[in-house]
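Text of the file input04.cif, holding mmCIF, C-alpha atoms:
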data_target
#
loop_
_atom_site.group_PDB
_atom_site.id
_atom_site.type_symbol
_atom_site.label_atom_id
_atom_site.label_comp_id
_atom_site.auth_asym_id
_atom_site.auth_seq_id
_atom_site.Cartn_x
_atom_site.Cartn_y
_atom_site.Cartn_z
ATOM 1 C CA MET P 150 21.235 4.411 -17.829
ATOM 2 C CA THR P 151 21.145 5.564 -14.183
ATOM 3 C CA VAL P 152 23.124 8.486 -12.780
ATOM 4 C CA THR P 153 23.602 9.910 -9.293
ATOM 5 C CA CYS P 154 25.842 12.889 -8.559
ATOM 6 C CA GLY P 155 25.981 16.313 -6.971
ATOM 7 C CA SER P 156 23.603 18.854 -8.415
ATOM 8 C CA THR P 157 25.534 20.985 -10.883
ATOM 9 C CA ARG P 158 24.991 22.820 -14.128
ATOM 10 C CA GLY P 159 25.500 20.883 -17.353
ATOM 11 C CA VAL P 160 24.885 17.323 -16.130
ATOM 12 C CA VAL P 161 21.827 16.702 -18.320
ATOM 13 C CA ALA P 162 23.545 18.230 -21.332
ATOM 14 C CA ALA P 163 26.614 16.051 -20.785
ATOM 15 C CA ILE P 164 24.518 12.871 -20.602
ATOM 16 C CA ALA P 165 22.302 13.703 -23.572
ATOM 17 C CA GLY P 166 25.256 14.876 -25.637
ATOM 18 C CA PHE P 167 27.247 11.717 -24.966
ATOM 19 C CA LEU P 168 24.344 9.452 -25.923
ATOM 20 C CA ALA P 169 23.655 11.382 -29.109
ATOM 21 C CA GLU P 170 27.329 11.330 -30.117
ATOM 22 C CA ASN P 171 27.334 7.551 -29.697
ATOM 23 C CA GLY P 172 24.289 6.921 -31.852
ATOM 24 C CA CYS P 173 21.763 6.523 -29.044
ATOM 25 C CA ASN P 174 18.206 7.854 -29.230
ATOM 26 C CA ILE P 175 16.609 8.780 -25.883
ATOM 27 C CA THR P 176 13.133 7.249 -25.592
ATOM 28 C CA ASP P 177 12.298 8.142 -21.976
ATOM 29 C CA SER P 178 13.975 10.312 -19.355
ATOM 30 C CA ALA P 179 13.350 11.323 -15.738
ATOM 31 C CA GLN P 180 15.441 13.492 -13.434
ATOM 32 C CA TYR P 181 15.268 15.032 -9.967
ATOM 33 C CA ASP P 182 17.300 17.646 -8.124
ATOM 34 C CA ASP P 183 17.025 17.334 -4.342
ATOM 35 C CA MET P 184 17.516 20.912 -3.188
ATOM 36 C CA GLU P 185 17.967 19.825 0.448
ATOM 37 C CA THR P 186 20.710 17.248 -0.083
ATOM 38 C CA GLY P 187 22.215 18.782 -3.222
ATOM 39 C CA LYS P 188 22.006 15.432 -5.031
ATOM 40 C CA PHE P 189 20.940 14.842 -8.610
ATOM 41 C CA PHE P 190 19.246 11.666 -9.899
ATOM 42 C CA MET P 191 18.545 10.660 -13.487
ATOM 43 C CA ARG P 192 17.238 7.623 -15.353
ATOM 44 C CA VAL P 193 17.393 7.512 -19.137
ATOM 45 C CA SER P 194 15.992 4.880 -21.491
ATOM 46 C CA PHE P 195 17.534 4.859 -24.944
ATOM 47 C CA ALA P 196 17.949 2.788 -28.086
ATOM 48 C CA ALA P 197 21.470 2.225 -29.426
ATOM 49 C CA GLU P 198 20.597 2.822 -33.063
ATOM 50 C CA THR P 199 24.119 2.376 -34.437
ATOM 51 C CA GLY P 200 24.890 -0.780 -32.464
ATOM 52 C CA ALA P 201 26.911 0.667 -29.578
ATOM 53 C CA ALA P 202 27.542 -2.017 -26.941
ATOM 54 C CA LEU P 203 27.033 -1.454 -23.203
ATOM 55 C CA ASP P 204 30.689 -2.028 -22.348
ATOM 56 C CA GLU P 205 31.727 0.500 -24.991
ATOM 57 C CA LEU P 206 29.307 3.064 -23.611
ATOM 58 C CA GLU P 207 30.500 2.442 -20.051
ATOM 59 C CA ARG P 208 34.139 2.971 -20.983
ATOM 60 C CA GLY P 209 33.362 6.085 -22.993
ATOM 61 C CA PHE P 210 31.120 7.670 -20.378
ATOM 62 C CA ALA P 211 33.665 7.080 -17.602
ATOM 63 C CA GLU P 212 35.628 10.071 -18.902
ATOM 64 C CA VAL P 213 32.523 12.280 -18.771
ATOM 65 C CA ALA P 214 31.598 11.020 -15.297
ATOM 66 C CA ALA P 215 35.065 11.574 -13.846
ATOM 67 C CA GLY P 216 34.812 15.295 -14.429
ATOM 68 C CA LYS P 217 31.525 15.551 -12.553
ATOM 69 C CA ASP P 218 32.015 12.875 -9.882
ATOM 70 C CA MET P 219 29.084 10.758 -11.117
ATOM 71 C CA ASP P 220 27.987 7.303 -10.050
ATOM 72 C CA PHE P 221 26.502 5.733 -13.163
ATOM 73 C CA ALA P 222 25.529 2.398 -14.668
ATOM 74 C CA PHE P 223 24.282 1.109 -18.010
ATOM 75 C CA HIS P 224 21.703 -1.693 -18.077
ATOM 76 C CA ASP P 225 20.214 -3.928 -20.757
ATOM 77 C CA GLU P 226 16.453 -3.926 -20.161
ATOM 78 C CA THR P 227 16.140 -7.362 -21.788
ATOM 79 C CA SER P 228 18.321 -8.843 -19.026
ATOM 80 C CA LYS P 229 16.212 -10.035 -16.095
ATOM 81 C CA MET P 230 17.344 -9.280 -12.564
ATOM 82 C CA LYS P 231 18.028 -12.393 -10.459
ATOM 83 C CA VAL P 232 15.976 -12.466 -7.271
ATOM 84 C CA VAL P 233 15.800 -14.638 -4.144
ATOM 85 C CA ILE P 234 12.444 -14.648 -2.343
ATOM 86 C CA MET P 235 12.223 -15.373 1.382
ATOM 87 C CA VAL P 236 8.933 -16.399 2.998
ATOM 88 C CA SER P 237 7.601 -17.926 6.208
ATOM 89 C CA ARG P 238 3.990 -19.101 6.584
ATOM 90 C CA PHE P 239 1.964 -16.342 4.887
ATOM 91 C CA GLY P 240 2.057 -17.104 1.169
ATOM 92 C CA HIS P 241 -0.024 -14.354 -0.453
ATOM 93 C CA CYS P 242 2.942 -12.216 -1.509
ATOM 94 C CA LEU P 243 4.961 -15.227 -2.680
ATOM 95 C CA ASN P 244 2.095 -16.559 -4.800
ATOM 96 C CA ASP P 245 1.458 -13.126 -6.287
ATOM 97 C CA LEU P 246 5.117 -12.701 -7.272
ATOM 98 C CA LEU P 247 5.286 -16.210 -8.744
ATOM 99 C CA TYR P 248 2.255 -15.460 -10.925
ATOM 100 C CA ARG P 249 3.504 -12.046 -12.079
ATOM 101 C CA VAL P 250 6.872 -13.501 -13.021
ATOM 102 C CA ARG P 251 5.244 -16.431 -14.832
ATOM 103 C CA ILE P 252 3.190 -14.135 -17.093
ATOM 104 C CA GLY P 253 6.117 -11.776 -17.682
ATOM 105 C CA ALA P 254 4.708 -8.837 -15.720
ATOM 106 C CA LEU P 255 7.853 -8.561 -13.583
ATOM 107 C CA PRO P 256 11.266 -8.406 -15.298
ATOM 108 C CA VAL P 257 12.971 -10.715 -12.816
ATOM 109 C CA GLU P 258 14.171 -14.292 -12.625
ATOM 110 C CA ILE P 259 13.422 -16.003 -9.313
ATOM 111 C CA VAL P 260 16.550 -18.087 -8.801
ATOM 112 C CA ALA P 261 15.611 -19.481 -5.371
ATOM 113 C CA VAL P 262 13.006 -19.374 -2.619
ATOM 114 C CA ILE P 263 14.173 -19.639 0.988
ATOM 115 C CA SER P 264 11.881 -20.392 3.909
ATOM 116 C CA ASN P 265 12.203 -21.289 7.562
ATOM 117 C CA HIS P 266 9.259 -23.677 7.074
ATOM 118 C CA MET P 267 8.265 -26.336 4.526
ATOM 119 C CA ASP P 268 4.770 -24.984 3.781
ATOM 120 C CA TYR P 269 5.479 -23.754 0.247
ATOM 121 C CA GLN P 270 7.987 -26.306 -0.969
ATOM 122 C CA LYS P 271 5.554 -27.969 -3.386
ATOM 123 C CA VAL P 272 4.295 -24.659 -4.787
ATOM 124 C CA VAL P 273 7.833 -23.466 -5.466
ATOM 125 C CA VAL P 274 9.126 -26.727 -6.915
ATOM 126 C CA ASN P 275 6.101 -26.875 -9.235
ATOM 127 C CA HIS P 276 7.372 -23.582 -10.686
ATOM 128 C CA ASP P 277 10.762 -25.239 -11.357
ATOM 129 C CA ILE P 278 12.449 -22.976 -8.789
ATOM 130 C CA PRO P 279 14.941 -24.289 -6.199
ATOM 131 C CA PHE P 280 13.481 -24.352 -2.680
ATOM 132 C CA HIS P 281 15.683 -24.129 0.416
ATOM 133 C CA CYS P 282 14.320 -24.741 3.914
ATOM 134 C CA ILE P 283 16.630 -23.058 6.417
ATOM 135 C CA PRO P 284 15.182 -23.190 9.962
ATOM 136 C CA VAL P 285 16.121 -20.324 12.259
ATOM 137 C CA THR P 286 16.311 -20.185 16.044
ATOM 138 C CA ARG P 287 17.901 -17.634 18.315
ATOM 139 C CA ASP P 288 20.887 -19.934 18.801
ATOM 140 C CA THR P 289 21.323 -20.864 15.125
ATOM 141 C CA LYS P 290 20.724 -17.432 13.518
ATOM 142 C CA PRO P 291 24.392 -16.827 12.516
ATOM 143 C CA GLU P 292 24.656 -20.269 10.878
ATOM 144 C CA ALA P 293 21.258 -19.857 9.191
ATOM 145 C CA GLU P 294 22.197 -16.458 7.746
ATOM 146 C CA ALA P 295 25.485 -17.872 6.484
ATOM 147 C CA ARG P 296 23.496 -20.556 4.643
ATOM 148 C CA ILE P 297 21.108 -17.930 3.290
ATOM 149 C CA MET P 298 23.956 -15.789 1.967
ATOM 150 C CA LYS P 299 25.546 -18.833 0.343
ATOM 151 C CA VAL P 300 22.301 -19.500 -1.570
ATOM 152 C CA VAL P 301 22.150 -15.827 -2.612
ATOM 153 C CA GLU P 302 25.768 -15.717 -3.740
ATOM 154 C CA ASP P 303 25.755 -19.110 -5.480
ATOM 155 C CA ALA P 304 22.634 -18.092 -7.425
ATOM 156 C CA GLY P 305 24.125 -14.733 -8.394
ATOM 157 C CA ALA P 306 21.099 -12.916 -6.970
ATOM 158 C CA GLU P 307 21.028 -9.116 -7.116
ATOM 159 C CA LEU P 308 18.002 -8.701 -4.859
ATOM 160 C CA ILE P 309 16.384 -10.385 -1.850
ATOM 161 C CA VAL P 310 12.612 -9.970 -1.460
ATOM 162 C CA LEU P 311 11.147 -10.611 1.984
ATOM 163 C CA ALA P 312 7.644 -11.793 1.047
ATOM 164 C CA ARG P 313 6.376 -11.928 4.640
ATOM 165 C CA TYR P 314 9.537 -13.541 6.015
ATOM 166 C CA MET P 315 8.928 -13.435 9.747
ATOM 167 C CA GLN P 316 12.503 -13.332 11.004
ATOM 168 C CA ILE P 317 14.597 -10.276 11.884
ATOM 169 C CA LEU P 318 17.791 -10.089 9.837
ATOM 170 C CA SER P 319 21.061 -9.291 11.570
ATOM 171 C CA ASP P 320 22.707 -5.879 11.266
ATOM 172 C CA GLU P 321 25.596 -7.540 9.427
ATOM 173 C CA MET P 322 23.325 -8.988 6.729
ATOM 174 C CA CYS P 323 21.427 -5.704 6.364
ATOM 175 C CA GLN P 324 24.680 -3.811 5.867
ATOM 176 C CA LYS P 325 26.144 -6.361 3.469
ATOM 177 C CA MET P 326 23.009 -6.265 1.291
ATOM 178 C CA SER P 327 22.288 -2.554 1.728
ATOM 179 C CA GLY P 328 19.882 -1.353 -0.936
ATOM 180 C CA ARG P 329 19.323 -4.927 -2.127
ATOM 181 C CA ILE P 330 16.716 -6.252 0.332
ATOM 182 C CA ILE P 331 13.049 -5.239 0.021
ATOM 183 C CA ASN P 332 10.491 -5.903 2.762
ATOM 184 C CA ILE P 333 6.702 -5.587 3.049
ATOM 185 C CA HIS P 334 4.577 -4.956 6.139
ATOM 186 C CA HIS P 335 1.267 -3.419 7.140
ATOM 187 C CA SER P 336 1.192 0.339 7.637
ATOM 188 C CA PHE P 337 -0.199 0.346 11.172
ATOM 189 C CA LEU P 338 3.240 0.875 12.692
ATOM 190 C CA PRO P 339 3.942 2.268 15.188
ATOM 191 C CA SER P 340 0.306 2.215 16.399
ATOM 192 C CA PHE P 341 -0.344 -1.538 16.347
ATOM 193 C CA LYS P 342 2.675 -3.732 16.986
ATOM 194 C CA GLY P 343 3.102 -7.424 17.669
ATOM 195 C CA ALA P 344 0.615 -10.190 17.010
ATOM 196 C CA ASN P 345 -2.698 -9.673 15.196
ATOM 197 C CA PRO P 346 -2.275 -6.022 14.148
ATOM 198 C CA TYR P 347 -5.387 -6.244 11.947
ATOM 199 C CA LYS P 348 -7.513 -7.358 14.894
ATOM 200 C CA GLN P 349 -6.079 -4.492 16.930
ATOM 201 C CA ALA P 350 -7.026 -2.109 14.121
ATOM 202 C CA TYR P 351 -10.535 -3.593 13.962
ATOM 203 C CA ALA P 352 -10.971 -3.097 17.687
ATOM 204 C CA ARG P 353 -10.063 0.594 17.280
ATOM 205 C CA GLY P 354 -12.359 1.127 14.293
ATOM 206 C CA VAL P 355 -9.568 1.974 11.855
ATOM 207 C CA LYS P 356 -10.925 3.171 8.490
ATOM 208 C CA LEU P 357 -7.778 2.803 6.358
ATOM 209 C CA ILE P 358 -5.665 -0.325 5.907
ATOM 210 C CA GLY P 359 -2.317 0.125 4.249
ATOM 211 C CA ALA P 360 0.969 -1.531 3.360
ATOM 212 C CA THR P 361 4.526 -0.248 3.106
ATOM 213 C CA SER P 362 7.402 -1.688 1.109
ATOM 214 C CA HIS P 363 10.888 -0.459 1.924
ATOM 215 C CA TYR P 364 14.574 -1.222 1.726
ATOM 216 C CA VAL P 365 15.763 -3.137 4.759
ATOM 217 C CA THR P 366 18.177 -1.496 7.183
ATOM 218 C CA ALA P 367 19.369 -2.314 10.674
ATOM 219 C CA ASP P 368 16.509 -0.136 12.004
ATOM 220 C CA LEU P 369 13.595 -2.561 12.035
ATOM 221 C CA ASP P 370 10.824 -1.577 9.568
ATOM 222 C CA GLU P 371 12.254 1.949 9.235
ATOM 223 C CA GLY P 372 14.214 1.693 5.983
ATOM 224 C CA PRO P 373 13.753 4.021 2.981
ATOM 225 C CA ILE P 374 10.200 3.617 1.652
ATOM 226 C CA ILE P 375 9.731 2.556 -1.976
ATOM 227 C CA GLU P 376 5.959 2.094 -2.263
ATOM 228 C CA GLN P 377 2.799 2.464 -0.154
ATOM 229 C CA ASP P 378 -0.945 2.157 -0.649
ATOM 230 C CA THR P 379 -4.190 2.000 1.311
ATOM 231 C CA VAL P 380 -7.683 0.547 1.068
ATOM 232 C CA ARG P 381 -10.738 2.042 2.794
ATOM 233 C CA ILE P 382 -12.674 0.147 5.460
ATOM 234 C CA THR P 383 -16.192 0.777 6.811
ATOM 235 C CA HIS P 384 -17.849 -0.106 10.081
ATOM 236 C CA ALA P 385 -19.493 -3.065 8.308
ATOM 237 C CA GLN P 386 -16.242 -4.971 7.777
ATOM 238 C CA SER P 387 -15.297 -7.783 10.145
ATOM 239 C CA ALA P 388 -11.859 -8.455 11.632
ATOM 240 C CA GLU P 389 -11.459 -11.228 9.054
ATOM 241 C CA ASP P 390 -12.219 -8.716 6.276
ATOM 242 C CA TYR P 391 -9.421 -6.524 7.589
ATOM 243 C CA VAL P 392 -6.969 -9.408 7.246
ATOM 244 C CA SER P 393 -8.109 -10.327 3.717
ATOM 245 C CA LEU P 394 -8.018 -6.752 2.453
ATOM 246 C CA GLY P 395 -4.644 -6.287 4.125
ATOM 247 C CA ARG P 396 -3.220 -9.290 2.300
ATOM 248 C CA ASP P 397 -4.365 -7.886 -1.046
ATOM 249 C CA VAL P 398 -2.788 -4.482 -0.538
ATOM 250 C CA GLU P 399 0.432 -6.042 0.779
ATOM 251 C CA ALA P 400 0.805 -8.173 -2.353
ATOM 252 C CA GLN P 401 0.156 -5.222 -4.670
ATOM 253 C CA VAL P 402 2.525 -2.860 -2.882
ATOM 254 C CA LEU P 403 5.354 -5.398 -2.755
ATOM 255 C CA ALA P 404 4.977 -6.187 -6.461
ATOM 256 C CA ARG P 405 5.123 -2.484 -7.336
ATOM 257 C CA ALA P 406 8.242 -2.022 -5.219
ATOM 258 C CA VAL P 407 9.982 -4.961 -6.893
ATOM 259 C CA HIS P 408 8.919 -3.599 -10.285
ATOM 260 C CA ALA P 409 10.456 -0.203 -9.481
ATOM 261 C CA HIS P 410 13.715 -1.745 -8.287
ATOM 262 C CA ALA P 411 14.004 -4.191 -11.173
ATOM 263 C CA HIS P 412 13.446 -1.395 -13.699
ATOM 264 C CA ARG P 413 16.153 0.693 -11.958
ATOM 265 C CA ARG P 414 13.592 3.365 -11.062
ATOM 266 C CA ALA P 415 14.308 3.448 -7.311
ATOM 267 C CA PHE P 416 17.271 5.417 -5.982
ATOM 268 C CA LEU P 417 18.428 5.618 -2.379
ATOM 269 C CA ASN P 418 18.528 9.203 -1.140
ATOM 270 C CA GLY P 419 19.682 9.077 2.467
ATOM 271 C CA ASN P 420 16.737 7.917 4.585
ATOM 272 C CA LYS P 421 14.379 8.382 1.634
ATOM 273 C CA THR P 422 14.100 7.197 -1.954
ATOM 274 C CA VAL P 423 13.615 8.782 -5.336
ATOM 275 C CA VAL P 424 11.245 6.607 -7.400
ATOM 276 C CA PHE P 425 10.755 7.660 -11.014
ATOM 277 C CA PRO P 426 7.591 6.848 -13.022
ATOM 278 C CA ALA P 427 7.587 3.690 -15.127
ATOM 279 C CA SER P 428 8.648 3.953 -18.752
ATOM 280 C CA PRO P 429 6.000 3.351 -21.437
ATOM 281 C CA GLY P 430 5.419 -0.362 -21.957
ATOM 282 C CA SER P 431 7.130 -1.510 -18.759
ATOM 283 C CA TYR P 432 3.875 -2.813 -17.261
ATOM 284 C CA SER P 433 3.011 -4.952 -20.263
ATOM 285 C CA SER P 434 3.270 -8.706 -19.873
ATOM 286 C CA GLU P 435 3.960 -11.588 -22.238
ATOM 287 C CA ARG P 436 0.627 -13.222 -21.398
ATOM 288 C CA MET P 437 -2.282 -10.813 -21.095
ATOM 289 C CA GLY P 438 -5.526 -11.788 -19.441
#
So, in terms of structure tokens, how does the structure I just supplied come out?
Amino acid sequence: MTVTCGSTRGVVAAIAGFLAENGCNITDSAQYDDMETGKFFMRVSFAAETGAALDELERGFAEVAAGKDMDFAFHDETSKMKVVIMVSRFGHCLNDLLYRVRIGALPVEIVAVISNHMDYQKVVVNHDIPFHCIPVTRDTKPEAEARIMKVVEDAGAELIVLARYMQILSDEMCQKMSGRIINIHHSFLPSFKGANPYKQAYARGVKLIGATSHYVTADLDEGPIIEQDTVRITHAQSAEDYVSLGRDVEAQVLARAVHAHAHRRAFLNGNKTVVFPASPGSYSSERMG
């Protein structure tokens, strides 16, 4: 269960009391009061020990929520979120996500992969996932985005993951899919922009390489941040080392961001996010090793 509302006394008691009255045992809970914005966020994992159904709980809790102006949702953790991945010609993040999904380490179903190139068609098809090549030029961008949205809507996707998709999305698409598009990029911005940022960093003797994953907004690469990480570099590394290490951290950071979103742990909070810790067992996979 996820809840967002204004910070007020009695919210936690109302949620816990409702769940207990309906035969639900809380197994994990996280909450946060943002004192600056006055907003309250909560995520509760629970077991319905007396067989209460999600639709029954939703109808019953609506009365509680109405009195406190809550936005809430109930989710079945056994239901996998449907995801569309978009990629261009760098495949490290795509391949990492495909592997994590295959072993059950990410609770998502990849319902389609979209690319503006054909490079990864065979890889995707070999995973029994539909592949769509939708070329994009400055003149055809509106038509291309219409085709992209048709794939997303026809597949019933809840999330788009930009796994190094090297095209800028329109403001209209960003607004339509607000809070449902996740991107990954290196963390050199705004210092090193444009082509070959890792080589630029090498030339300046940078000692930390990082990656940032965020929700996409109309402000390029400035959306609410979900996950970040860094790896240390020494003077002994080459420019090629920078690129290889950068790819690794990008793949890891993107996977963690998708994991947080798919487990309903990430909440939009204005220009920031609230990201709760993972529940026990949520990192386990069906195939270990």
Quick one: of P:Gln324, P:Gln270, P:Thr227, P:Ser264, who's nearest to P:Ile283, counting all atoms listed in the file?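 When distances to P:Ile283 are compared using all atoms listed in the file, the smallest one comes from P:Ser264.
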Hey, what's within 9 Å of stretch 394-397 of chain P if we count only C-alpha atoms and toss same-chain stuff fewer than 2 positions away? As a list in words, please?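 Neighbouring residues, sequence-local ones excluded: His241, Cys242, His335, Tyr347, Ile358, Gly359, Ala360, Thr379, Val380, Ile382, Glu389, Asp390, Tyr391, Val392, Glu399, Ala400, Gln401 and Val402 of chain P.
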I would like the residues chosen by the PyMOL selection byres ((chain P and resi 369-377) around 7) on the shown file; could you give them as a list in words?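 Selected by the PyMOL selection byres ((chain P and resi 369-377) around 7) in this file: Ala360, Thr361, Ser362, His363, Tyr364, Val365, Thr366, Ala367, Asp368, Asp378, Val402, Arg405, Ala406, Asn420, Lys421, Thr422 and Val424 of chain P.
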Give me a file of those residues, with C-alpha atoms, as a PDB file, in the frame of the given file.
ATOM      1  CA  ALA P 360       0.969  -1.531   3.360  1.00  0.00           C
ATOM      2  CA  THR P 361       4.526  -0.248   3.106  1.00  0.00           C
ATOM      3  CA  SER P 362       7.402  -1.688   1.109  1.00  0.00           C
ATOM      4  CA  HIS P 363      10.888  -0.459   1.924  1.00  0.00           C
ATOM      5  CA  TYR P 364      14.574  -1.222   1.726  1.00  0.00           C
ATOM      6  CA  VAL P 365      15.763  -3.137   4.759  1.00  0.00           C
ATOM      7  CA  THR P 366      18.177  -1.496   7.183  1.00  0.00           C
ATOM      8  CA  ALA P 367      19.369  -2.314  10.674  1.00  0.00           C
ATOM      9  CA  ASP P 368      16.509  -0.136  12.004  1.00  0.00           C
ATOM     10  CA  ASP P 378      -0.945   2.157  -0.649  1.00  0.00           C
ATOM     11  CA  VAL P 402       2.525  -2.860  -2.882  1.00  0.00           C
ATOM     12  CA  ARG P 405       5.123  -2.484  -7.336  1.00  0.00           C
ATOM     13  CA  ALA P 406       8.242  -2.022  -5.219  1.00  0.00           C
ATOM     14  CA  ASN P 420      16.737   7.917   4.585  1.00  0.00           C
ATOM     15  CA  LYS P 421      14.379   8.382   1.634  1.00  0.00           C
ATOM     16  CA  THR P 422      14.100   7.197  -1.954  1.00  0.00           C
ATOM     17  CA  VAL P 424      11.245   6.607  -7.400  1.00  0.00           C
TER      18      VAL P 424
END
Listed atoms of stretch 256-272 of chain P boxed axis-aligned with 8 Å per side, centre + edges as lines of an AutoDock Vina configuration file:
center_x = 10.4
center_y = -18.2
center_z = -3.9
size_x = 28.3
size_y = 35.6
size_z = 38.9
Under the rule of at most 10 Å, produce a per-residue listing of stretch 255-315 of chain P near stretch 232-239 of chain P: chain, number, name, the closest pair of atoms, and the distance in Å, as JSON lines, using all atoms listed in the file.
{"residue": "P:Val257", "atom": "CA", "partner": "P:Val232", "partner_atom": "CA", "distance": 6.5}
{"residue": "P:Glu258", "atom": "CA", "partner": "P:Val232", "partner_atom": "CA", "distance": 5.9}
{"residue": "P:Ile259", "atom": "CA", "partner": "P:Val232", "partner_atom": "CA", "distance": 4.8}
{"residue": "P:Val260", "atom": "CA", "partner": "P:Val233", "partner_atom": "CA", "distance": 5.8}
{"residue": "P:Ala261", "atom": "CA", "partner": "P:Val233", "partner_atom": "CA", "distance": 5.0}
{"residue": "P:Val262", "atom": "CA", "partner": "P:Ile234", "partner_atom": "CA", "distance": 4.8}
{"residue": "P:Ile263", "atom": "CA", "partner": "P:Met235", "partner_atom": "CA", "distance": 4.7}
{"residue": "P:Ser264", "atom": "CA", "partner": "P:Val236", "partner_atom": "CA", "distance": 5.0}
{"residue": "P:Asn265", "atom": "CA", "partner": "P:Ser237", "partner_atom": "CA", "distance": 5.9}
{"residue": "P:His266", "atom": "CA", "partner": "P:Ser237", "partner_atom": "CA", "distance": 6.0}
{"residue": "P:Met267", "atom": "CA", "partner": "P:Ser237", "partner_atom": "CA", "distance": 8.6}
{"residue": "P:Asp268", "atom": "CA", "partner": "P:Arg238", "partner_atom": "CA", "distance": 6.6}
{"residue": "P:Tyr269", "atom": "CA", "partner": "P:Arg238", "partner_atom": "CA", "distance": 8.0}
{"residue": "P:Pro279", "atom": "CA", "partner": "P:Val233", "partner_atom": "CA", "distance": 9.9}
{"residue": "P:Phe280", "atom": "CA", "partner": "P:Ile234", "partner_atom": "CA", "distance": 9.8}
{"residue": "P:His281", "atom": "CA", "partner": "P:Met235", "partner_atom": "CA", "distance": 9.5}
{"residue": "P:Cys282", "atom": "CA", "partner": "P:Ser237", "partner_atom": "CA", "distance": 9.8}
{"residue": "P:Pro284", "atom": "CA", "partner": "P:Ser237", "partner_atom": "CA", "distance": 10.0}
{"residue": "P:Ile297", "atom": "CA", "partner": "P:Met235", "partner_atom": "CA", "distance": 9.4}
{"residue": "P:Val300", "atom": "CA", "partner": "P:Val233", "partner_atom": "CA", "distance": 8.5}
{"residue": "P:Val301", "atom": "CA", "partner": "P:Val233", "partner_atom": "CA", "distance": 6.6}
{"residue": "P:Ala304", "atom": "CA", "partner": "P:Val233", "partner_atom": "CA", "distance": 8.3}
{"residue": "P:Gly305", "atom": "CA", "partner": "P:Val232", "partner_atom": "CA", "distance": 8.5}
{"residue": "P:Ala306", "atom": "CA", "partner": "P:Val232", "partner_atom": "CA", "distance": 5.2}
{"residue": "P:Glu307", "atom": "CA", "partner": "P:Val232", "partner_atom": "CA", "distance": 6.1}
{"residue": "P:Leu308", "atom": "CA", "partner": "P:Val232", "partner_atom": "CA", "distance": 4.9}
{"residue": "P:Ile309", "atom": "CA", "partner": "P:Val233", "partner_atom": "CA", "distance": 4.9}
{"residue": "P:Val310", "atom": "CA", "partner": "P:Ile234", "partner_atom": "CA", "distance": 4.8}
{"residue": "P:Leu311", "atom": "CA", "partner": "P:Met235", "partner_atom": "CA", "distance": 4.9}
{"residue": "P:Ala312", "atom": "CA", "partner": "P:Val236", "partner_atom": "CA", "distance": 5.2}
{"residue": "P:Arg313", "atom": "CA", "partner": "P:Val236", "partner_atom": "CA", "distance": 5.4}
{"residue": "P:Tyr314", "atom": "CA", "partner": "P:Val236", "partner_atom": "CA", "distance": 4.2}
{"residue": "P:Met315", "atom": "CA", "partner": "P:Ser237", "partner_atom": "CA", "distance": 5.9}
Expected file contents, prior selection, C-alpha atoms, as a JSON list (two decimals), in the coordinates of the input:
[["chain", "number", "residue", "atom", "x", "y", "z"],
["P", 257, "VAL", "CA", 12.97, -10.72, -12.82],
["P", 258, "GLU", "CA", 14.17, -14.29, -12.62],
["P", 259, "ILE", "CA", 13.42, -16.00, -9.31],
["P", 260, "VAL", "CA", 16.55, -18.09, -8.80],
["P", 261, "ALA", "CA", 15.61, -19.48, -5.37],
["P", 262, "VAL", "CA", 13.01, -19.37, -2.62],
["P", 263, "ILE", "CA", 14.17, -19.64, 0.99],
["P", 264, "SER", "CA", 11.88, -20.39, 3.91],
["P", 265, "ASN", "CA", 12.20, -21.29, 7.56],
["P", 266, "HIS", "CA", 9.26, -23.68, 7.07],
["P", 267, "MET", "CA", 8.26, -26.34, 4.53],
["P", 268, "ASP", "CA", 4.77, -24.98, 3.78],
["P", 269, "TYR", "CA", 5.48, -23.75, 0.25],
["P", 279, "PRO", "CA", 14.94, -24.29, -6.20],
["P", 280, "PHE", "CA", 13.48, -24.35, -2.68],
["P", 281, "HIS", "CA", 15.68, -24.13, 0.42],
["P", 282, "CYS", "CA", 14.32, -24.74, 3.91],
["P", 284, "PRO", "CA", 15.18, -23.19, 9.96],
["P", 297, "ILE", "CA", 21.11, -17.93, 3.29],
["P", 300, "VAL", "CA", 22.30, -19.50, -1.57],
["P", 301, "VAL", "CA", 22.15, -15.83, -2.61],
["P", 304, "ALA", "CA", 22.63, -18.09, -7.42],
["P", 305, "GLY", "CA", 24.12, -14.73, -8.39],
["P", 306, "ALA", "CA", 21.10, -12.92, -6.97],
["P", 307, "GLU", "CA", 21.03, -9.12, -7.12],
["P", 308, "LEU", "CA", 18.00, -8.70, -4.86],
["P", 309, "ILE", "CA", 16.38, -10.38, -1.85],
["P", 310, "VAL", "CA", 12.61, -9.97, -1.46],
["P", 311, "LEU", "CA", 11.15, -10.61, 1.98],
["P", 312, "ALA", "CA", 7.64, -11.79, 1.05],
["P", 313, "ARG", "CA", 6.38, -11.93, 4.64],
["P", 314, "TYR", "CA", 9.54, -13.54, 6.02],
["P", 315, "MET", "CA", 8.93, -13.44, 9.75]]
Which one of P:Ser428, P:Tyr248, P:Met322, P:Met230 sits closest to P:Thr176 if you count only C-alpha atoms? P:Ser428
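This file gives the following result for the PyMOL selection byres ((chain P and resi 255) around 10): Lys229, Met230, Leu246, Leu247, Tyr248, Arg249, Val250, Arg251, Ile252, Gly253, Ala254, Pro256, Val257, Glu258, Ala404, Arg405, Val407, His408, Ala409, Ala411, His412, Ser431, Tyr432, Ser433, Ser434 and Glu435 of chain P.
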On this file, the PyMOL selection byres ((chain P and resi 197) around 7) gives some set of residues; write that set as a list in words.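 Selection result, ordered by chain and number: Gly172, Cys173, Asn174, Phe195, Ala196, Glu198, Thr199, Gly200 and Ala201 of chain P.
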